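Raw contents of work-v4.txt, compact mmCIF, C-alpha atoms:
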# COMPACT_ATOMS: atom_id res chain seq x y z
CA MET J 173 10.87 -9.16 -13.56
CA THR J 174 10.89 -5.41 -13.35
CA ALA J 175 11.34 -2.58 -15.80
CA ASP J 176 14.81 -2.27 -14.32
CA SER J 177 15.69 -5.81 -15.43
CA ALA J 178 16.74 -4.62 -18.90
CA VAL J 179 19.28 -2.19 -17.41
CA SER J 180 22.70 -3.47 -16.39
CA HIS J 181 23.93 -2.35 -12.98
CA PHE J 182 26.91 -3.20 -10.81
CA TRP J 183 25.52 -6.71 -10.14
CA GLY J 184 24.01 -7.04 -13.61
CA ALA J 185 20.39 -6.78 -14.61
CA VAL J 186 17.72 -7.15 -11.92
CA THR J 187 16.54 -10.78 -12.01
CA SER J 188 14.55 -10.98 -8.76
CA THR J 189 10.79 -11.48 -8.83
CA LEU J 190 10.45 -8.68 -6.25
CA ASP J 191 11.65 -5.11 -6.62
CA TRP J 192 9.46 -2.67 -4.78
CA CYS J 193 11.24 -1.69 -1.59
CA GLU J 194 13.06 1.44 -2.74
CA SER J 195 14.68 3.03 -5.77
CA ASN J 196 17.62 1.06 -7.10
CA TYR J 197 21.24 2.20 -6.98
CA ASP J 198 20.29 5.68 -5.75
CA VAL J 199 22.78 6.02 -2.88
CA VAL J 200 25.83 4.09 -4.08
CA TYR J 201 26.47 2.41 -7.41
CA PHE J 202 27.23 -1.05 -5.98
CA ILE J 203 24.16 -1.54 -3.70
CA ALA J 204 20.75 -1.90 -5.32
CA GLU J 205 18.60 -1.09 -2.28
CA PHE J 206 20.91 0.79 0.05
CA TRP J 207 18.63 1.35 3.05
CA ASN J 208 17.27 -2.20 3.12
CA THR J 209 20.81 -3.54 2.83
CA LEU J 210 22.02 -1.28 5.63
CA THR J 211 19.17 -2.10 8.03
CA ASN J 212 19.81 -5.83 7.59
CA LEU J 213 23.08 -5.27 9.42
CA ILE J 214 21.02 -4.54 12.55
CA ALA J 215 19.47 -8.02 12.40
CA ILE J 216 22.86 -9.61 11.76
CA PHE J 217 24.56 -7.85 14.68
CA THR J 218 21.58 -8.50 16.97
CA CYS J 219 22.14 -12.21 16.37
CA PHE J 220 25.70 -11.95 17.66
CA TYR J 221 24.37 -10.41 20.86
CA GLY J 222 21.67 -13.09 21.09
CA LEU J 223 24.18 -15.89 20.64
CA TYR J 224 26.43 -14.33 23.28
CA ALA J 225 23.46 -14.07 25.68
CA CYS J 226 22.62 -17.73 24.97
CA TYR J 227 26.17 -18.69 25.87
CA LYS J 228 26.13 -16.64 29.09
CA LEU J 229 22.72 -17.97 30.14
CA GLY J 230 23.39 -21.57 29.13
CA VAL J 231 20.14 -21.97 27.21
CA GLU J 232 18.95 -24.99 25.26
CA PRO J 233 20.41 -25.70 21.80
CA ARG J 234 17.10 -24.87 20.09
CA ILE J 235 17.48 -21.22 21.14
CA TYR J 236 20.96 -21.13 19.57
CA ALA J 237 19.38 -22.60 16.43
CA ALA J 238 16.76 -19.83 16.41
CA TYR J 239 19.43 -17.11 16.54
CA LEU J 240 21.53 -18.86 13.91
CA GLY J 241 18.44 -19.04 11.69
CA LEU J 242 17.85 -15.32 12.09
CA PHE J 243 21.53 -14.70 11.33
CA VAL J 244 21.27 -16.66 8.05
CA VAL J 245 18.08 -14.77 7.13
CA GLY J 246 19.88 -11.49 7.81
CA ILE J 247 22.84 -12.44 5.60
CA GLY J 248 20.53 -13.66 2.83
CA SER J 249 18.38 -10.55 3.00
CA TRP J 250 21.49 -8.38 2.96
CA CYS J 251 22.72 -10.15 -0.19
CA PHE J 252 19.31 -9.94 -1.86
CA HIS J 253 18.71 -6.25 -1.24
CA ALA J 254 22.28 -5.43 -2.25
CA THR J 255 22.01 -7.20 -5.60
CA LEU J 256 18.34 -7.81 -6.56
CA ARG J 257 19.47 -11.06 -8.15
CA TYR J 258 17.11 -14.06 -8.15
CA THR J 259 19.68 -16.38 -6.58
CA MET J 260 20.14 -13.92 -3.73
CA GLN J 261 16.36 -13.63 -3.41
CA LEU J 262 16.33 -17.37 -2.74
CA LEU J 263 19.14 -16.87 -0.22
CA ASP J 264 16.74 -14.48 1.55
CA GLU J 265 13.43 -16.32 1.19
CA LEU J 266 14.41 -19.96 1.75
CA PRO J 267 16.14 -19.26 5.09
CA MET J 268 13.01 -17.37 6.16
CA ILE J 269 11.10 -20.64 5.80
CA TYR J 270 13.83 -22.71 7.45
CA ALA J 271 14.33 -20.33 10.39
CA THR J 272 10.59 -20.06 10.94
CA CYS J 273 10.41 -23.86 11.07
CA VAL J 274 12.90 -23.62 13.95
CA TYR J 275 10.68 -20.99 15.60
CA VAL J 276 7.65 -23.26 15.18
CA TYR J 277 9.61 -26.02 16.88
CA CYS J 278 10.57 -23.67 19.73
CA ALA J 279 6.97 -22.49 20.11
CA LEU J 280 5.46 -25.98 20.15
CA GLU J 281 8.19 -27.81 22.10
CA ASP J 282 8.55 -25.42 25.00
CA ARG J 283 9.09 -27.86 27.85
CA LYS J 284 12.02 -29.95 28.98
CA LYS J 285 10.14 -33.16 28.12
CA PRO J 286 9.18 -33.02 24.41
CA LYS J 287 5.48 -33.15 23.63
CA TYR J 288 5.78 -34.08 19.93
CA GLY J 289 9.35 -35.34 19.79
CA PHE J 290 10.98 -36.44 16.56
CA LYS J 291 7.66 -36.36 14.66
CA LEU J 292 7.59 -32.55 14.84
CA ILE J 293 11.21 -32.25 13.70
CA ALA J 294 10.62 -34.70 10.83
CA GLY J 295 7.40 -32.94 9.83
CA LEU J 296 9.08 -29.53 9.73
CA LEU J 297 12.05 -30.91 7.77
CA VAL J 298 9.69 -32.50 5.23
CA TYR J 299 7.68 -29.25 5.01
CA ALA J 300 10.85 -27.25 4.37
CA ALA J 301 12.14 -29.74 1.78
CA VAL J 302 8.83 -29.95 -0.09
CA PHE J 303 8.48 -26.17 -0.06
CA THR J 304 12.04 -25.75 -1.37
CA TYR J 305 11.43 -28.22 -4.20
CA MET J 306 8.09 -26.69 -5.16
CA TYR J 307 9.34 -23.09 -4.97
CA THR J 308 12.51 -23.69 -6.97
CA ALA J 309 11.55 -26.48 -9.39
CA VAL J 310 7.89 -25.89 -10.26
CA PRO J 311 7.74 -22.83 -12.55
CA LEU J 312 4.10 -22.04 -11.69
CA LEU J 313 5.01 -21.80 -7.98
CA ARG J 314 8.11 -19.66 -8.49
CA ASN J 315 5.95 -16.81 -7.27
CA PRO J 316 6.42 -14.56 -4.21
CA ILE J 317 2.79 -15.13 -3.21
CA PHE J 318 3.48 -18.87 -2.80
CA HIS J 319 6.37 -17.99 -0.49
CA GLN J 320 4.33 -15.43 1.45
CA VAL J 321 1.43 -17.85 2.02
CA ASN J 322 3.76 -20.58 3.29
CA TYR J 323 5.65 -18.12 5.47
CA GLY J 324 2.34 -16.86 6.85
CA ILE J 325 1.24 -20.40 7.72
CA LEU J 326 4.45 -20.94 9.70
CA VAL J 327 4.14 -17.59 11.48
CA PHE J 328 0.53 -18.45 12.36
CA LEU J 329 1.74 -21.72 13.92
CA CYS J 330 4.31 -19.74 15.93
CA VAL J 331 1.62 -17.38 17.22
CA ILE J 332 -0.60 -20.31 18.22
CA GLY J 333 2.30 -22.02 20.01
CA MET J 334 3.38 -18.85 21.80
CA GLY J 335 -0.22 -18.13 22.79
CA ALA J 336 -0.42 -21.57 24.38
CA GLN J 337 2.79 -20.85 26.29
CA VAL J 338 1.43 -17.53 27.58
CA ARG J 339 -1.87 -19.13 28.65
CA ARG J 340 0.05 -21.56 30.88
CA LEU J 341 1.62 -18.70 32.84
CA ALA J 342 0.20 -17.39 36.08
CA PRO J 343 -2.00 -14.30 35.51
CA ALA J 344 0.55 -11.97 37.15
CA ASP J 345 3.30 -13.25 34.81
CA ARG J 346 1.01 -13.18 31.80
CA ALA J 347 -0.14 -9.53 32.06
CA PRO J 348 3.14 -7.80 31.02
CA ILE J 349 3.55 -10.17 28.07
CA VAL J 350 0.01 -9.58 26.82
CA ARG J 351 0.41 -5.80 27.30
CA HIS J 352 3.69 -5.85 25.34
CA PHE J 353 2.00 -7.88 22.59
CA TRP J 354 -0.80 -5.33 22.17
CA ILE J 355 1.64 -2.40 22.25
CA THR J 356 3.75 -4.10 19.57
CA LEU J 357 0.67 -4.85 17.50
CA SER J 358 -0.54 -1.26 17.54
Target format structure tokens, applied to this file:
Amino acid sequence: MTADSAVSHFWGAVTSTLDWCESNYDVVYFIAEFWNTLTNLIAIFTCFYGLYACYKLGVEPRIYAAYLGLFVVGIGSWCFHATLRYTMQLLDELPMIYATCVYVYCALEDRKKPKYGFKLIAGLLVYAAVFTYMYTAVPLLRNPIFHQVNYGILVFLCVIGMGAQVRRLAPADRAPIVRHFWITLS
């Protein structure tokens, strides 16, 4: 809880466990973190373009799922930063875990013939379900650090999977991807 949690705003008192992005209700009276809320629209609209591109290119269903996951994260993040309510924080953070599970699947199952098959899907579903239970039902774990550590683990798995995909490319195809990675990193 924050110092702002005792003050009542448009959406009520701040109940989220995180409130550090920007000053609250500074721009308009009905949006807690205006700039974060506004920039989430970019992610949401980017998903529409991504889904359209998927349709035009006829890609695999898992790529649609990845864009839909990002769309849900964008909506949840938009709701959270607009309200700073705990329930909306969960609408932001839980889809981050779920969507990243989809990205892990995409990173590890990158060929037409599945390498891990249903075991990977079942493992990621169990991971997401156990995380959800622990994060929402165990008071000691209702902590942003628990979320951040689990999210970091999933992102690490994505990086490992994507690195394996890049290593399988021919050197000429690999060079621009590696260069873009280092430019993005810096």
Practice prompt. Might you pull out every residue within 9 Å of range 181-184 of chain J, with all atoms listed in the file counted and same-chain residues fewer than 6 positions away left off, and present them as a PyMOL selection string?
Written response: chain J and resi 197+201-204+254-257
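With distances restricted to all atoms listed in the file, J:Gly333 is the closest residue to Arg283 in chain J from J:Pro343, J:Gly333, J:Asn212, J:Leu190.
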Worksheet item: By how many Å are CA of Pro286 in chain J and CA of Phe328 in chain J apart?
Response: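 Result for CA of Pro286 in chain J versus CA of Phe328 in chain J: 20.8 Å, one decimal.
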Practice prompt. Enter the distance from CA of Tyr307 in chain J to CA of Phe243 in chain J, in Å, rounded to one decimal.
Written response: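 Spanning CA of Tyr307 in chain J to CA of Phe243 in chain J is a straight-line distance of 22.0 Å.
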Discussion item. For range 245-252 of chain J, find every residue with an atom within 10 Å (counting only C-alpha atoms), except residues of its own chain fewer than 2 positions away, and show them as a PyMOL selection string.
Written reply: chain J and resi 188+190+203-206+208-219+239-243+254-272
Worksheet item: Do you have the CA of Asn196 in chain J-CA of Val310 in chain J distance handy?
Response: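 Computing the Euclidean distance for CA of Asn196 in chain J and CA of Val310 in chain J yields 28.8 Å.
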Practice prompt. Determine, counting only C-alpha atoms, which protein, DNA and RNA residues have an atom within 9 Å of an atom of Tyr275 in chain J; residues of the same chain fewer than 3 positions away are not included. Present the result as a PyMOL selection string.
Written response: chain J and resi 234-235+237-238+241+270-272+278-280+326-327+330
Write the selection just made, keeping C-alpha atoms, as a PDB file, keeping the file's coordinate frame?
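The resulting part.pdb:
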ATOM      1  CA  ARG J 234      17.100 -24.870  20.090  1.00  0.00           C
ATOM      2  CA  ILE J 235      17.480 -21.220  21.140  1.00  0.00           C
ATOM      3  CA  ALA J 237      19.380 -22.600  16.430  1.00  0.00           C
ATOM      4  CA  ALA J 238      16.760 -19.830  16.410  1.00  0.00           C
ATOM      5  CA  GLY J 241      18.440 -19.040  11.690  1.00  0.00           C
ATOM      6  CA  TYR J 270      13.830 -22.710   7.450  1.00  0.00           C
ATOM      7  CA  ALA J 271      14.330 -20.330  10.390  1.00  0.00           C
ATOM      8  CA  THR J 272      10.590 -20.060  10.940  1.00  0.00           C
ATOM      9  CA  CYS J 278      10.570 -23.670  19.730  1.00  0.00           C
ATOM     10  CA  ALA J 279       6.970 -22.490  20.110  1.00  0.00           C
ATOM     11  CA  LEU J 280       5.460 -25.980  20.150  1.00  0.00           C
ATOM     12  CA  LEU J 326       4.450 -20.940   9.700  1.00  0.00           C
ATOM     13  CA  VAL J 327       4.140 -17.590  11.480  1.00  0.00           C
ATOM     14  CA  CYS J 330       4.310 -19.740  15.930  1.00  0.00           C
TER      15      CYS J 330
END
Axis-aligned box for range 268-286 of chain J, 3 Å per side, centre and edges in Å as lines of an AutoDock Vina configuration file:
center_x = 9.9
center_y = -25.3
center_z = 17.4
size_x = 14.9
size_y = 21.8
size_z = 29.2
